[in-house]
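The file data_39.cif contains mmCIF, C-alpha atoms:
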```
data_work
loop_
_atom_site.label_atom_id
_atom_site.label_comp_id
_atom_site.auth_asym_id
_atom_site.auth_seq_id
_atom_site.Cartn_x
_atom_site.Cartn_y
_atom_site.Cartn_z
CA MET A 7 110.55 57.93 111.16
CA ALA A 8 111.03 58.22 107.39
CA ALA A 9 113.45 60.88 106.18
CA ASP A 10 110.68 62.75 104.35
CA ASP A 11 108.75 63.04 107.63
CA GLU A 12 111.63 64.47 109.61
CA VAL A 13 111.60 68.10 110.67
CA GLU A 14 114.22 70.42 112.10
CA PHE A 15 113.81 73.89 113.54
CA ARG A 16 116.09 76.88 113.06
CA GLN A 17 116.18 80.13 114.97
CA VAL A 18 117.05 82.78 112.37
CA ALA A 19 116.70 86.57 112.61
CA GLY A 20 114.29 86.30 115.51
CA GLN A 21 112.03 83.73 113.84
CA GLU A 22 111.66 80.01 114.43
CA LEU A 23 111.55 78.26 111.07
CA ARG A 24 110.38 74.73 110.47
CA ILE A 25 112.52 72.90 107.92
CA SER A 26 110.65 69.96 106.48
CA SER A 27 112.51 66.89 105.17
CA PRO A 28 115.93 68.40 105.97
CA GLU A 29 117.80 65.39 104.57
CA LYS A 30 116.08 65.57 101.19
CA PRO A 31 118.79 65.55 98.49
CA TYR A 32 118.86 68.93 96.78
CA PHE A 33 122.14 68.47 94.89
CA PRO A 34 122.77 64.74 95.07
CA LYS A 35 125.88 64.73 92.85
CA VAL A 36 127.77 66.84 95.40
CA GLY A 37 125.92 65.52 98.46
CA LEU A 38 124.01 68.67 99.41
CA THR A 39 120.71 68.26 101.25
CA LYS A 40 117.99 70.80 101.92
CA SER A 41 119.52 71.38 105.37
CA ASP A 42 122.90 72.05 103.73
CA VAL A 43 121.34 74.63 101.42
CA VAL A 44 119.72 76.31 104.44
CA ASP A 45 123.18 76.38 106.07
CA TYR A 46 124.64 77.92 102.92
CA PHE A 47 122.16 80.80 102.90
CA ILE A 48 122.74 81.46 106.59
CA GLU A 49 126.51 81.58 106.02
CA VAL A 50 126.30 84.03 103.09
CA ALA A 51 123.30 85.98 104.40
CA ASP A 52 125.13 89.24 105.17
CA ALA A 53 126.71 89.46 101.71
CA LEU A 54 123.55 88.34 99.94
CA LEU A 55 121.35 90.81 101.80
CA ASN A 56 123.80 93.60 101.04
CA THR A 57 122.86 93.27 97.38
CA MET A 58 119.39 91.68 97.59
CA GLY A 59 118.05 93.03 100.86
CA ASN A 60 114.64 94.74 100.64
CA ARG A 61 114.28 93.79 96.99
CA PRO A 62 111.25 91.94 95.65
CA VAL A 63 112.41 88.52 94.48
CA LEU A 64 110.98 86.05 91.99
CA LEU A 65 111.44 82.53 93.37
CA GLN A 66 112.30 79.56 91.20
CA ARG A 67 111.31 76.49 93.20
CA PHE A 68 112.75 72.99 93.02
CA PRO A 69 110.65 71.11 95.62
CA ASN A 70 112.50 67.85 94.98
CA GLY A 71 115.93 69.30 94.41
CA VAL A 72 117.82 70.21 91.28
CA SER A 73 117.01 66.91 89.56
CA GLY A 74 113.24 67.35 89.86
CA LYS A 75 110.65 69.54 88.22
CA ASN A 76 110.76 73.27 88.88
CA PHE A 77 108.51 76.28 88.49
CA PHE A 78 108.55 80.03 89.04
CA GLN A 79 106.44 81.19 91.94
CA LYS A 80 105.12 84.58 90.96
CA ARG A 81 102.77 84.90 93.93
CA ILE A 82 103.48 84.23 97.58
CA PRO A 83 100.54 82.23 98.97
CA ASP A 84 98.25 83.52 101.70
CA SER A 85 99.42 80.59 103.84
CA ALA A 86 102.88 82.14 104.20
CA PRO A 87 103.79 83.22 107.75
CA GLU A 88 102.51 86.62 108.87
CA TRP A 89 106.03 87.94 109.44
CA LEU A 90 107.03 87.33 105.81
CA GLN A 91 107.41 90.68 104.06
CA THR A 92 105.89 90.98 100.60
CA THR A 93 105.06 93.66 98.08
CA THR A 94 103.04 93.95 94.88
CA VAL A 95 105.08 94.01 91.69
CA GLU A 96 104.28 93.60 88.03
CA THR A 97 105.65 90.77 85.95
CA VAL A 98 106.92 91.36 82.41
CA ASN A 99 103.45 91.00 80.93
CA GLY A 100 102.03 93.54 83.39
CA THR A 101 100.30 91.10 85.73
CA PRO A 102 100.42 92.19 89.39
CA SER A 103 101.92 89.65 91.78
CA ARG A 104 102.62 89.42 95.49
CA ALA A 105 106.38 88.89 95.70
CA ILE A 106 108.58 88.12 98.68
CA VAL A 107 110.83 90.93 99.87
CA MET A 108 114.21 89.67 101.10
CA ALA A 109 114.12 91.54 104.38
CA ASP A 110 116.48 89.36 106.44
CA ALA A 111 118.05 85.91 106.75
CA ALA A 112 114.78 84.36 107.93
CA HIS A 113 113.28 85.16 104.53
CA LEU A 114 116.19 83.38 102.81
CA VAL A 115 115.71 80.29 104.95
CA TRP A 116 111.95 80.30 104.38
CA ALA A 117 112.59 80.41 100.62
CA ALA A 118 115.17 77.62 100.80
CA ASN A 119 112.67 75.45 102.64
CA GLN A 120 110.31 75.94 99.69
CA GLY A 121 113.01 74.64 97.35
CA ALA A 122 113.92 78.15 96.17
CA PHE A 123 117.69 78.46 95.95
CA THR A 124 117.69 80.34 92.63
CA LEU A 125 116.64 83.91 93.39
CA HIS A 126 115.77 86.53 90.77
CA PRO A 127 115.62 90.05 92.30
CA TRP A 128 114.02 93.16 90.85
CA PRO A 129 116.39 96.13 90.32
CA PHE A 130 114.87 98.30 93.07
CA ARG A 131 114.36 98.22 96.82
CA VAL A 132 111.02 98.76 98.49
CA PRO A 133 109.24 100.97 99.38
CA GLY A 134 110.34 102.94 96.30
CA GLU A 135 110.65 101.82 92.70
CA ASP A 136 113.73 103.79 91.60
CA VAL A 137 116.12 101.49 89.75
CA ASP A 138 119.44 101.35 91.60
CA GLU A 139 121.40 98.97 89.35
CA LEU A 140 122.46 98.88 85.72
CA ARG A 141 122.91 95.18 84.96
CA ILE A 142 125.03 94.06 82.01
CA ASP A 143 124.63 90.41 81.04
CA LEU A 144 127.45 89.13 78.83
CA ASP A 145 125.85 86.16 77.11
CA PRO A 146 128.17 83.84 75.14
CA THR A 147 126.91 82.30 71.91
CA PRO A 148 127.85 78.70 71.00
CA GLY A 149 131.55 78.36 70.31
CA ILE A 150 132.57 81.19 72.63
CA THR A 151 135.00 80.18 75.39
CA PHE A 152 135.11 81.55 78.90
CA ASP A 153 138.39 83.24 77.98
CA ASP A 154 136.40 85.16 75.37
CA VAL A 155 133.89 86.14 78.05
CA ARG A 156 136.72 87.30 80.32
CA GLU A 157 137.99 89.53 77.52
CA ALA A 158 134.47 90.82 76.87
CA ALA A 159 134.07 91.71 80.55
CA ALA A 160 137.37 93.60 80.62
CA LEU A 161 136.43 95.53 77.48
CA THR A 162 133.02 96.36 78.95
CA ARG A 163 134.63 97.56 82.18
CA ASP A 164 137.00 99.76 80.15
CA GLU A 165 134.18 101.17 78.02
CA LEU A 166 132.27 102.11 81.14
CA ALA A 167 135.42 103.66 82.58
CA ARG A 168 135.68 105.89 79.49
CA ALA A 169 132.31 107.30 80.53
CA GLY A 170 133.58 107.80 84.09
CA ILE A 171 131.67 104.78 85.40
CA THR A 172 133.00 102.22 87.88
CA SER A 173 131.56 98.73 87.51
CA PHE A 174 131.54 95.52 89.53
CA VAL A 175 131.55 91.94 88.29
CA LYS A 176 130.18 88.54 89.24
CA THR A 177 130.07 85.11 87.69
CA SER A 178 126.69 84.08 86.39
CA GLY A 179 126.91 80.63 87.93
CA SER A 180 127.03 79.26 84.39
CA LYS A 181 128.95 80.35 81.27
CA GLY A 182 128.66 84.14 81.41
CA LEU A 183 129.62 87.13 83.50
CA HIS A 184 127.45 89.95 84.83
CA LEU A 185 128.60 93.54 85.33
CA TYR A 186 126.73 95.81 87.74
CA VAL A 187 126.76 99.58 88.09
CA PRO A 188 125.21 101.00 91.29
CA LEU A 189 122.95 103.99 90.63
CA PRO A 190 121.65 106.91 92.68
CA GLY A 191 117.92 107.44 93.01
CA GLY A 192 115.75 108.91 90.31
CA TRP A 193 116.10 106.41 87.47
CA ASN A 194 113.39 104.32 85.86
CA SER A 195 113.83 101.09 83.89
CA TYR A 196 113.28 102.75 80.51
CA ASP A 197 116.22 105.10 80.98
CA VAL A 198 118.45 102.42 82.51
CA ARG A 199 117.68 100.13 79.58
CA GLY A 200 118.53 103.03 77.27
CA ALA A 201 121.92 103.35 78.96
CA ALA A 202 122.48 99.63 78.40
CA VAL A 203 121.56 99.98 74.72
CA THR A 204 124.09 102.79 74.33
CA LEU A 205 126.78 100.72 76.01
CA ALA A 206 126.01 97.68 73.85
CA ARG A 207 126.14 99.77 70.68
CA ARG A 208 129.45 101.33 71.65
CA LEU A 209 130.98 97.96 72.43
CA ALA A 210 129.72 96.37 69.22
CA ALA A 211 131.12 99.26 67.17
CA ARG A 212 134.49 99.23 68.91
CA HIS A 213 134.93 95.44 69.12
CA PRO A 214 132.83 93.95 66.29
CA THR A 215 134.59 90.59 66.16
CA LEU A 216 134.01 89.77 69.84
CA LEU A 217 130.96 91.74 71.01
CA THR A 218 127.53 92.24 69.50
CA ASP A 219 124.34 94.14 70.27
CA ALA A 220 122.33 92.04 67.79
CA TRP A 221 119.03 91.05 69.38
CA TRP A 222 118.24 88.44 66.72
CA LYS A 223 120.23 85.27 67.33
CA GLU A 224 120.74 84.71 63.61
CA GLU A 225 122.79 87.93 63.48
CA ARG A 226 125.02 87.31 66.51
CA GLY A 227 127.47 84.90 65.00
CA GLN A 228 130.17 83.55 67.30
CA ARG A 229 130.32 86.55 69.60
CA VAL A 230 129.37 87.66 73.10
CA PHE A 231 125.94 89.28 73.20
CA VAL A 232 125.60 92.36 75.42
CA ASP A 233 122.05 91.73 76.60
CA PHE A 234 120.65 95.23 77.12
CA ASN A 235 117.09 93.94 77.58
CA GLN A 236 117.94 92.52 81.00
CA ASN A 237 117.23 96.10 82.12
CA ALA A 238 113.73 96.30 80.62
CA PRO A 239 110.89 97.18 83.03
CA HIS A 240 109.88 94.42 85.45
CA LYS A 241 112.81 92.24 84.33
CA THR A 242 114.63 90.22 86.95
CA VAL A 243 118.19 88.89 86.78
CA PHE A 244 119.76 85.89 88.48
CA GLY A 245 120.88 87.20 91.84
CA ALA A 246 124.35 87.38 93.38
CA TRP A 247 125.10 84.53 95.83
CA SER A 248 122.18 82.47 94.44
CA ILE A 249 122.75 78.80 93.59
CA ARG A 250 122.30 77.84 89.96
CA ALA A 251 120.16 74.86 89.05
CA ARG A 252 123.21 72.87 88.01
CA VAL A 253 124.27 69.53 89.42
CA GLY A 254 127.44 71.05 90.86
CA ALA A 255 125.54 73.73 92.85
CA GLN A 256 127.51 76.56 91.22
CA VAL A 257 126.98 79.99 92.74
CA SER A 258 126.70 83.35 91.01
CA THR A 259 129.66 84.85 92.84
CA PRO A 260 130.89 88.46 93.07
CA ILE A 261 134.61 88.63 92.35
CA ARG A 262 137.27 91.32 92.35
CA TRP A 263 138.43 92.62 89.01
CA ASP A 264 141.94 91.36 89.70
CA GLU A 265 140.50 87.82 89.86
CA LEU A 266 139.02 87.97 86.38
CA GLU A 267 141.96 86.28 84.62
CA THR A 268 142.16 83.35 87.02
CA VAL A 269 138.62 82.68 88.24
CA VAL A 270 137.16 79.26 87.42
CA PRO A 271 133.37 79.67 87.76
CA ASP A 272 132.65 75.95 88.07
CA GLU A 273 134.77 75.87 91.24
CA LEU A 274 132.56 78.49 92.92
CA THR A 275 129.88 76.33 94.50
CA ALA A 276 127.70 76.20 97.60
CA LEU A 277 130.43 74.02 99.10
CA THR A 278 133.33 76.42 98.45
CA VAL A 279 131.85 79.93 98.42
CA PRO A 280 131.14 80.30 102.18
CA GLY A 281 134.79 79.59 103.03
CA ARG A 282 136.00 81.92 100.31
CA LEU A 283 133.69 84.66 101.60
CA ALA A 284 134.82 84.18 105.20
CA GLU A 285 138.48 84.33 104.18
CA ALA A 286 138.52 87.07 101.53
CA GLY A 287 135.40 89.10 102.32
CA ASP A 288 132.66 90.41 100.07
CA PRO A 289 133.97 92.11 96.87
CA TRP A 290 130.70 94.05 96.68
CA ALA A 291 130.67 95.13 100.33
CA ASP A 292 130.83 98.87 99.57
CA MET A 293 129.39 98.81 96.05
CA TYR A 294 126.22 100.68 96.94
CA GLU A 295 128.24 103.46 98.54
CA GLN A 296 129.72 104.20 95.10
CA SER A 297 126.71 105.20 93.03
CA GLN A 298 127.62 106.17 89.47
CA SER A 299 126.23 108.65 86.96
CA ILE A 300 124.86 107.19 83.71
CA ASP A 301 123.73 110.57 82.37
CA GLU A 302 126.09 110.41 79.39
CA LEU A 303 124.79 107.01 78.27
CA VAL A 304 121.13 107.95 78.76
CA ASP A 305 121.54 111.28 76.95
CA GLU A 306 123.19 109.54 73.99
CA PHE A 307 120.35 107.02 73.79
CA ARG A 308 117.67 109.73 73.87
CA ALA A 309 119.47 111.82 71.26
CA GLY A 310 119.72 108.82 68.95
CA LEU A 311 116.11 107.67 69.20
CA GLU A 312 114.80 109.60 66.20
CA PRO A 313 117.75 109.17 63.81
CA MET A 314 118.74 105.62 64.87
CA GLY A 315 115.63 104.17 66.48
CA ASP A 316 115.37 102.07 69.58
CA ALA A 317 116.85 98.60 69.90
CA PRO A 318 114.41 95.65 69.68
CA TRP A 319 112.32 94.77 72.72
CA PRO A 320 111.39 91.24 73.80
CA PRO A 321 108.10 90.04 72.26
CA VAL A 322 106.25 89.98 75.60
CA TYR A 323 106.39 93.79 75.80
CA PRO A 324 103.97 96.18 74.10
CA LYS A 325 105.28 97.79 70.95
CA GLN A 326 107.50 100.74 71.88
CA PRO A 327 108.00 104.11 70.15
CA PHE A 328 110.93 104.12 67.69
CA GLU A 329 111.24 100.34 67.96
CA PRO A 330 112.25 98.54 64.75
CA PRO A 331 109.95 95.93 63.22
CA ARG A 332 109.59 92.77 65.28
CA VAL A 333 110.47 90.56 62.37
CA SER A 334 113.65 88.52 62.11
CA PRO A 335 116.03 89.79 59.41
CA SER A 336 115.78 86.53 57.43
CA ARG A 337 112.00 86.67 57.47
CA ALA A 338 112.02 90.34 56.50
CA LYS A 339 114.07 89.52 53.40
CA LYS A 340 111.58 86.83 52.39
CA ASP A 341 108.48 88.92 53.07
CA PRO A 342 109.05 92.70 52.97
CA ASP A 343 105.35 93.27 53.76
CA ASP A 344 105.83 91.61 57.18
CA ALA A 345 108.81 93.85 57.86
CA ALA A 346 106.82 96.94 56.93
CA ALA A 347 104.00 95.85 59.21
CA GLY A 348 106.47 95.76 62.06
CA ASP A 349 104.85 93.12 64.22
#
```
As structure tokens, please, write out the structure in this file.
Amino acid sequence: MAADDEVEFRQVAGQELRISSPEKPYFPKVGLTKSDVVDYFIEVADALLNTMGNRPVLLQRFPNGVSGKNFFQKRIPDSAPEWLQTTTVETVNGTPSRAIVMADAAHLVWAANQGAFTLHPWPFRVPGEDVDELRIDLDPTPGITFDDVREAAALTRDELARAGITSFVKTSGSKGLHLYVPLPGGWNSYDVRGAAVTLARRLAARHPTLLTDAWWKEERGQRVFVDFNQNAPHKTVFGAWSIRARVGAQVSTPIRWDELETVVPDELTALTVPGRLAEAGDPWADMYEQSQSIDELVDEFRAGLEPMGDAPWPPVYPKQPFEPPRVSPSRAKKDPDDAAAGD
């Protein structure tokens, strides 16, 4: 029987799952097959579901492994098993989609069998739509080292602490770091984004040589961008414990703050993370029991809307009140009429 015709069956969370072509190379450089990726998700399932459980998730599928073509699956097909939990969400452009809800480990294995090892969760848990995470993406520009990103993360943690807010950190699986703040119920994405804008502005003002809130790339320079728009409505972020589409199978890994100075993100892979998790435990295990107030940040954003204006929104969103013109600064200088038009 050819390898592509082979099948294995797994009993996971009360479901029998058929794994097609289990020996298909998913990460050939490090020797990981589809079956190995399934094993990985089973091993980290408890920690992953702690942060991603009952969230709608956008799947990025790599049917032929990391070296092949990929696509985002916005809609779960009608052919999916009846037990698979789904919900209707809106994508950034407002289009409704039927998304998978990561209800248990069987859902993770089903996704992995589809070639989906990069998972992008929404910032709420069904059945409600209250946002329960403030997500801070520290995005390095070219020329920035990971040591610079470490420093940026520590400064962001300290700025949040000044507002009485405890934060948690994870590697991005690539060159950045992500900070998370768990929230109580009652928040929507507009207010949470506003809190992120306030934080970005404070950081840029306090540390202008390292951190920037400049949305336009031409204004960022060689600094770390505090990407506030990762909190915009219907925006998803690369999920904790997901495997990046990199040849080394790097994982977006929650870490303790005391690991920040020594962590080497490229060493956190689907091969090493399960053992690390088994030995040291989940740094985010009790994160959602420590919900934080972002009232101060939201109030400051609202108070500054009229005198300061909003920060720029991504172009896929409708024009927002108090938003500055959607014209790059260099273009605005060349054509003031375009800047005045604002779009």
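The gap separating atom CA of Ala246 of chain A from atom CA of Val44 of chain A is 16.3 Å, in Å to one decimal.
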Might you spell out which residues the PyMOL selection byres ((chain A and resi 236-242) around 6) would select in the displayed file, as a PDB file with C-alpha atoms, in the frame of the given file?
```
ATOM      1  CA  THR A  97     105.650  90.770  85.950  1.00  0.00           C
ATOM      2  CA  VAL A  98     106.920  91.360  82.410  1.00  0.00           C
ATOM      3  CA  HIS A 126     115.770  86.530  90.770  1.00  0.00           C
ATOM      4  CA  PRO A 127     115.620  90.050  92.300  1.00  0.00           C
ATOM      5  CA  TRP A 128     114.020  93.160  90.850  1.00  0.00           C
ATOM      6  CA  SER A 195     113.830 101.090  83.890  1.00  0.00           C
ATOM      7  CA  ARG A 199     117.680 100.130  79.580  1.00  0.00           C
ATOM      8  CA  PHE A 234     120.650  95.230  77.120  1.00  0.00           C
ATOM      9  CA  ASN A 235     117.090  93.940  77.580  1.00  0.00           C
ATOM     10  CA  VAL A 243     118.190  88.890  86.780  1.00  0.00           C
TER      11      VAL A 243
END
```
Quick one: residues within 12 Å of segment 186-192 of chain A, all atoms listed in the file counted, chain neighbours fewer than 6 positions away excluded, as a VMD selection string?
-> chain A and resid 57 129 to 131 134 to 144 159 162 to 163 166 to 167 170 to 178 198 201 to 202 236 to 237 243 245 to 246 260 to 261 290 292 to 301
Find the spatial neighbours of Ala117 of chain A, counting only C-alpha atoms, within a cut-off of 10 Å - ignore same-chain residues fewer than 5 positions away - and output them as a ChimeraX atom specification.
-> /A:44,47,65-67,106,108,111-112,122-125
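Atom to atom, atom CA of Asp110 of chain A and atom CA of Asn76 of chain A stand 24.5 Å apart.
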Can you sort out segment 272-288 of chain A so it carries N, CA and C atoms, written as a PDB file, in the coordinates of the input?
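The result, stored in out.pdb:
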```pdb
ATOM      1  N   ASP A 272     133.185  77.234  87.627  1.00  0.00           N
ATOM      2  CA  ASP A 272     132.650  75.950  88.070  1.00  0.00           C
ATOM      3  C   ASP A 272     133.158  75.554  89.454  1.00  0.00           C
ATOM      4  N   GLU A 273     134.233  76.187  89.910  1.00  0.00           N
ATOM      5  CA  GLU A 273     134.770  75.870  91.240  1.00  0.00           C
ATOM      6  C   GLU A 273     134.084  76.684  92.338  1.00  0.00           C
ATOM      7  N   LEU A 274     133.268  77.652  91.952  1.00  0.00           N
ATOM      8  CA  LEU A 274     132.560  78.490  92.920  1.00  0.00           C
ATOM      9  C   LEU A 274     131.190  77.882  93.176  1.00  0.00           C
ATOM     10  N   THR A 275     131.093  77.098  94.231  1.00  0.00           N
ATOM     11  CA  THR A 275     129.880  76.330  94.500  1.00  0.00           C
ATOM     12  C   THR A 275     129.396  76.614  95.922  1.00  0.00           C
ATOM     13  N   ALA A 276     128.234  76.059  96.241  1.00  0.00           N
ATOM     14  CA  ALA A 276     127.700  76.200  97.600  1.00  0.00           C
ATOM     15  C   ALA A 276     128.596  75.538  98.633  1.00  0.00           C
ATOM     16  N   LEU A 277     129.471  74.659  98.184  1.00  0.00           N
ATOM     17  CA  LEU A 277     130.430  74.020  99.100  1.00  0.00           C
ATOM     18  C   LEU A 277     131.643  74.904  99.346  1.00  0.00           C
ATOM     19  N   THR A 278     132.077  75.670  98.345  1.00  0.00           N
ATOM     20  CA  THR A 278     133.330  76.420  98.450  1.00  0.00           C
ATOM     21  C   THR A 278     133.152  77.903  98.732  1.00  0.00           C
ATOM     22  N   VAL A 279     132.028  78.482  98.323  1.00  0.00           N
ATOM     23  CA  VAL A 279     131.850  79.930  98.420  1.00  0.00           C
ATOM     24  C   VAL A 279     131.812  80.445  99.862  1.00  0.00           C
ATOM     25  N   PRO A 280     131.140  79.767 100.807  1.00  0.00           N
ATOM     26  CA  PRO A 280     131.140  80.300 102.180  1.00  0.00           C
ATOM     27  C   PRO A 280     132.548  80.447 102.766  1.00  0.00           C
ATOM     28  N   GLY A 281     133.421  79.476 102.534  1.00  0.00           N
ATOM     29  CA  GLY A 281     134.790  79.590 103.030  1.00  0.00           C
ATOM     30  C   GLY A 281     135.548  80.709 102.362  1.00  0.00           C
ATOM     31  N   ARG A 282     135.360  80.838 101.058  1.00  0.00           N
ATOM     32  CA  ARG A 282     136.000  81.920 100.310  1.00  0.00           C
ATOM     33  C   ARG A 282     135.542  83.278 100.847  1.00  0.00           C
ATOM     34  N   LEU A 283     134.239  83.404 101.096  1.00  0.00           N
ATOM     35  CA  LEU A 283     133.690  84.660 101.600  1.00  0.00           C
ATOM     36  C   LEU A 283     134.238  84.976 102.983  1.00  0.00           C
ATOM     37  N   ALA A 284     134.309  83.964 103.849  1.00  0.00           N
ATOM     38  CA  ALA A 284     134.820  84.180 105.200  1.00  0.00           C
ATOM     39  C   ALA A 284     136.288  84.594 105.177  1.00  0.00           C
ATOM     40  N   GLU A 285     137.044  84.058 104.232  1.00  0.00           N
ATOM     41  CA  GLU A 285     138.480  84.330 104.180  1.00  0.00           C
ATOM     42  C   GLU A 285     138.802  85.657 103.490  1.00  0.00           C
ATOM     43  N   ALA A 286     138.148  85.916 102.363  1.00  0.00           N
ATOM     44  CA  ALA A 286     138.520  87.070 101.530  1.00  0.00           C
ATOM     45  C   ALA A 286     137.552  88.235 101.634  1.00  0.00           C
ATOM     46  N   GLY A 287     136.370  88.024 102.213  1.00  0.00           N
ATOM     47  CA  GLY A 287     135.400  89.100 102.320  1.00  0.00           C
ATOM     48  C   GLY A 287     134.550  89.242 101.071  1.00  0.00           C
ATOM     49  N   ASP A 288     133.629  90.178 101.133  1.00  0.00           N
ATOM     50  CA  ASP A 288     132.660  90.410 100.070  1.00  0.00           C
ATOM     51  C   ASP A 288     133.192  91.470  99.100  1.00  0.00           C
TER      52      ASP A 288
END
```
